[in-house]
Amino acid sequence: MSTETTDVDMANSWPVQYLQDHTVHIAVVLLFVAYPFVYDILVDLFALTAEMVLPEPRTMLTILALGLFAMSFDFISGYTGYLSFGHGAFFGIGAYFVVLGYNGQIPLLPAELPFMMLMLMGALAAALFALVVGLLAFRLSGVYFAMITLGIAEIMYVVSQHWDYLTVDDSDPATGTAAGSPSDVELFEPVIGIPFIDPLNATVHPAFGETTFLGINFGDPVIVTYFAIGSIVLICYFLMQRIIHSPFGRVMIAIRENEQRAKAIGYNVFYYKIGAFMISAFFGAIGGALLIVINGTASPDTTLFFLVTGFALVATIIGGLGTLAGPLFGYIFLEGVEEFLARKASGGGLQPWLQEILPGSVLNASVSGVTVDEGMNAFMTGHGEFYTGIIFVVFVLFVPIGMLGTLRARLGADSVADWATTRIEKFRTESESEAGVEPPASETDPEPESDSD
Amino acid sequence: MLRTNGLTKRFGGITATDHVDFELGEELTSLIGPNGAGKTTFFNLLTGQLTPSEGTVEFQQDGEWVDITEAKPQETAQLGIHRSFQITNIFPTSTVLENVRVAAQAHGSNSLKFWRNVNTFEGHYEEAQQILERVGLGGQSQLTAENLSHGEKRQLEVALALAGDPDVLLLDEPNAGVSTEGVDDIKALIEDVATDHAVLLVEHNMDIVMDVSERVVVLNQGAVIADDSPENVRGDPDVQEAYLGGYEAGDLDRAAADGGRV
């Protein structure tokens with residue numbers, strides 16, 4: 001009798017419970033960890049076919065940085081219902097802070113500070129800026145909030161194109177500023193990791209970064225960069241998710257659902273909205289800082305431009321507004337489409353694949369004076385954004401709650417993780433009660449389905 | 001508990017509330033009046049949705065009268081003056097339980113704890129479940145609020161106001177649009193919540209008003225024209241002139257059916 005009790009205690013102890021609650025998270029994280037290796041294996045096996053369908057690991061770096069930005073956009077827009085159309089401002093602050101801080105252009109800050117420090121300071125600066133913007137913009141509701149934030153971001157965009165302070169040596173501010181560009185500053189080699197613990201730090205860059213991490217040589221700086229950036233994105237995701245699931249987050253949802261009633265039951269919604277906006281700006285700026293790790297340069301068009309926010313919005317709608325993780329999957333989808341329709345140089349796509357498998361007679365067959373190959377060039381290849389636009393319209397019309405939102409609705413749960421937990425719980429109690437009876441196989445694998453989003 | 005002094009609200013040339021001197025005590029008080037008499041405006045002035053043009057609103061807290069004329073809705077709610085709405089005003093895509101839980105959470109400082117999981121605050125869940133059972137929604141707690149029937153939404157509306165144990169409860173037509181079978185439930189609910197809260201009720205259904213009230217205040221064109229026991233108000237010629245039009249118990253259901261926006 002007593003041994004049985006210990007067994008049950010073991011089975012219900014908190015680590016087991018924790019693993020059970022987070023099965024889906026663990027599975028998704030493992031999938032992300034495995035991705036670069038799986039990509040290599042599949043490309044070895046299927047060559048162009050795999051390259052056509054899967055985004056390159058290098059593209060995944062940008063996806064992670066922009067995906068974090070889109071998640072921060074969803075944090076404020078999806079959970080409080082206030083669309084932050086000028087969210088690129090915070091992305092830009094995060095990016096420019098790292099570059100200018102490293103170059104020693106920010107007053108009171110010495111040059112060449114560690115990347116992690118600049119990233120956090122930039123995120124705090126963005127949060128403070130969000131406080132100022134929020135004090136102005138949250139006096140107004142809905143559409144006007146979107147317009148004010150958009151206006152402020154546009155002002156910053158225009159200023160960033162013409163303000164010489166942002167650049168070094170009389171170069172044109174509109175072309176951007178590279179970290180480490182002043183002659184007296186060393187090359188920008190960002191180190192990501194836990195400060196003061198050497199094995200947990202790595203110099204990170206897709207081209208010249210370290211190839212070794214945790215004592216394992218991966219032979220490719222892209223993979224180390226991918227893991228380093230991925231860890232930061234993962235931590236940020238869990239922090240945001242914790243806030244969403246906190247009492248504070250529930251007030252954010254109440255504001256989205258019915259702001260008037262939230263006031264009437266005693267919430268000073270103004271402060272909650274500003275708090276949420278600052279948190280969102282904080283994480284948005286971290287996304288911007290990660291972009292600098294990847295390409296080293298902050299430019300108006302890649303950070304402050306309104307289309308940066310526009311793409312975050314599209315990714316959020318496709319992934320699912322108010323799902324937090326959805327925007328990242330939305331970005332994978334968007335970038336996937338773009339790469340699918342790209343030429344070989346950027347990761348392989350549909351046209352190179354067709355060129356390989358179709359015989360020359362088909363490719364050169366003429367349809368009203370244009371060969372099939374030329375037609376593909378004209379109407380398809382390199383026009384990813386055009387088709388993305390069409391997909392976006394289709395999503396708004398037919399899948400307004402996005403991929404992850406639809407998956408959750410299908411499963412009838414608040415989150416895929418909740419659903420898996422209930423299923424595993426059910427499976428465990430069933431198998432306990434019918435001890436010795438082989439459980440049906442279909443019950444045992446809820447994870448792969450949920451990964452597919 | 002709650003009193004007003006010369007409370008006046010003007011919208012341009014219209015005086016919606018006209019020098020109202022009113023004090024709410026422990027007895028269940030009803031506020032009636034024809035459509036457009038200013039009942040909901042009066043509620044909005046009491047709870048801070050509107051700011052008065054003239055006059056004051058005061059709230060009694062620990063024996064002291066506190067001026068709350070300029071208080072915002074969230075401030076009056078924090079003081080313990082809760083209201084329900086004439087037009088259902090809930091959190092539609094949250095569960096019924098979450099609706100009441102988030103209302104219970106509004107009192108105290110837990111709402112700012114953004115680093116803790118919401119499930120660790122079991123007190124809010126327990127309070128919400130108790131309130132739901134009290135209003136008769138105990139079995140529906142896991143439903144999404146927008147999927148409730150109209151009558152259940154009216155019950156949830158009251159449940160939201162009950163969360164946080166207010167001192168004063170202002171109920172704005174809890175019976176609005178409820179089918180005749182549901183009337184007894186709502187009536188029982190009003191009488192139940194009146195046992196431990198000071199209640200001011202706006203209601204068009206005269207059967208409910210005359211049955212449950214201990215005191216009836218009649219508004220007409222923003223001014224108080226009668227303030228007495230239900231029997232005396234029923235006999236008051238001014239009231240009959242202004243509103244009841246020869247009322248006899250039972251035949252004014254149509255007043256409720258009008259829906260009566262104020």
# chains A, B, ... in the order shown; residues from 1 in each chain; ligands from 1
$ residues_around --residues "Phe398 (chain A)" --least-positions-apart "6" --cutoff "12 Å" --atoms "only C-alpha atoms" --output "list in words"
Ile317, Ile318, Ile391, Phe392 and Thr406 of chain A
$ residues_around --residues "Ala111 (chain A)" --least-positions-apart "4" --cutoff "9 Å" --atoms "only C-alpha atoms" --output "list in words"
Leu100, Gly101, Tyr102, Asn103, Gly104, Gln105, Ile106 and Val185 of chain A
$ write_last_selection --atoms "N, CA and C atoms" --output "tab-separated table (two decimals), in the first residue's frame"
chain	number	residue	atom	x	y	z
A	100	LEU	N	24.22	53.29	-31.96
A	100	LEU	CA	24.77	54.55	-31.48
A	100	LEU	C	25.51	54.35	-30.17
A	101	GLY	N	24.96	53.50	-29.30
A	101	GLY	CA	25.62	53.23	-28.04
A	101	GLY	C	26.98	52.60	-28.26
A	102	TYR	N	27.05	51.66	-29.17
A	102	TYR	CA	28.33	51.00	-29.44
A	102	TYR	C	29.33	51.99	-30.02
A	103	ASN	N	28.83	52.88	-30.89
A	103	ASN	CA	29.72	53.85	-31.52
A	103	ASN	C	30.10	54.99	-30.59
A	104	GLY	N	29.52	55.00	-29.38
A	104	GLY	CA	29.85	56.06	-28.44
A	104	GLY	C	29.17	57.38	-28.77
A	105	GLN	N	28.05	57.34	-29.50
A	105	GLN	CA	27.37	58.57	-29.89
A	105	GLN	C	26.31	59.00	-28.89
A	106	ILE	N	26.02	58.14	-27.91
A	106	ILE	CA	25.02	58.51	-26.92
A	106	ILE	C	25.71	59.18	-25.74
A	185	VAL	N	36.59	53.10	-33.17
A	185	VAL	CA	35.82	52.08	-32.45
A	185	VAL	C	36.11	50.72	-33.07
$ residues_around --residues "region 150-166 of chain B" --least-positions-apart "3" --cutoff "7 Å" --atoms "only C-alpha atoms" --output "list in words"
Gly80, Ile81, His82, Arg83, Ser84, Thr88, Asn89, Ile90, Asn99, Val100, Ala103, Ala104, His107, Ala128, Ile131, Leu132, Val135, Leu169, Pro174, Val178 and Gly182 of chain B
$ write_last_selection --atoms "C-alpha atoms" --output "compact mmCIF listing (two decimals), in the first residue's frame"
# COMPACT_ATOMS: atom_id res chain seq x y z
CA GLY B 80 -17.86 50.65 -2.85
CA ILE B 81 -20.54 52.06 -5.14
CA HIS B 82 -21.19 49.48 -7.84
CA ARG B 83 -23.70 49.61 -10.64
CA SER B 84 -25.23 47.35 -13.21
CA THR B 88 -25.93 44.54 -20.98
CA ASN B 89 -22.31 45.48 -20.50
CA ILE B 90 -20.15 42.43 -19.87
CA ASN B 99 -16.12 38.06 -15.94
CA VAL B 100 -16.84 38.02 -12.23
CA ALA B 103 -14.36 42.25 -11.18
CA ALA B 104 -13.47 40.70 -7.83
CA HIS B 107 -10.40 45.42 -5.25
CA ALA B 128 -16.51 34.73 -8.16
CA ILE B 131 -21.36 35.22 -6.43
CA LEU B 132 -22.30 33.15 -9.48
CA VAL B 135 -27.23 34.95 -8.79
CA LEU B 169 -25.61 48.71 -5.36
CA PRO B 174 -32.01 44.36 -14.09
CA VAL B 178 -36.39 39.50 -19.50
CA GLY B 182 -37.78 35.11 -15.69
$ select_by_dssp --residues "region 55-261 of chain A" --states "alpha helix (DSSP H)" --output "ChimeraX atom specification"
/A:57-80,88-103,115-137,142-162,221-244,247-257,259-261
$ interface_residues --of "chain A" --to "chain B" --cutoff "6 Å" --atoms "only C-alpha atoms" --output "MDAnalysis selection string"
chainID A and resid 243 245:248 257:258 263:268
$ residues_around --residues "Gln61 (chain B)" --least-positions-apart "3" --cutoff "10 Å" --atoms "only C-alpha atoms" --output "PyMOL selection string"
chain B and resi 1-2+58+64-66+79-80+167
$ residues_around --residues "Asp418 (chain A)" --least-positions-apart "2" --cutoff "10 Å" --atoms "only C-alpha atoms" --output "VMD selection string"
chain A and resid 20 to 24 408 411 to 416 420 to 424
$ select_by_dssp --residues "region 56-193 of chain A" --states "strand (DSSP E or B)" --output "list in words"
Thr177, Ala178, Val191, Ile192 and Gly193 of chain A
$ write_last_selection --atoms "C-alpha atoms" --output "PDB file, in the first residue's frame"
ATOM      1  CA  THR A 177      24.480  53.596 -39.617  1.00  0.00           C
ATOM      2  CA  ALA A 178      26.658  50.576 -39.016  1.00  0.00           C
ATOM      3  CA  VAL A 191      28.370  38.720 -27.340  1.00  0.00           C
ATOM      4  CA  ILE A 192      25.139  37.055 -26.239  1.00  0.00           C
ATOM      5  CA  GLY A 193      24.978  35.025 -23.068  1.00  0.00           C
TER       6      GLY A 193
END
$ residues_around --residues "region 220-231 of chain B" --least-positions-apart "5" --cutoff "6 Å" --atoms "only C-alpha atoms" --output "ChimeraX atom specification"
/B:16-18,33,37-38,210,215
$ closest_residue --among "B:Gln130, B:Thr69, B:Thr144, B:Thr40" --to "Thr95 (chain B)" --atoms "only C-alpha atoms"
B:Thr144
$ residues_around --residues "Gly67 (chain A)" --least-positions-apart "3" --cutoff "6 Å" --atoms "only C-alpha atoms" --output "list in words"
Ile63, Leu64, Ala70, Leu328 and Tyr331 of chain A
$ atom_distance --atom1 "CA of Pro34 (chain B)" --atom2 "CA of Glu203 (chain B)"
10.5 Å
$ atom_distance --atom1 "CA of Thr309 (chain A)" --atom2 "CA of Gly88 (chain A)"
5.2 Å
$ atom_distance --atom1 "CA of Glu51 (chain A)" --atom2 "CA of Ile357 (chain A)"
14.0 Å
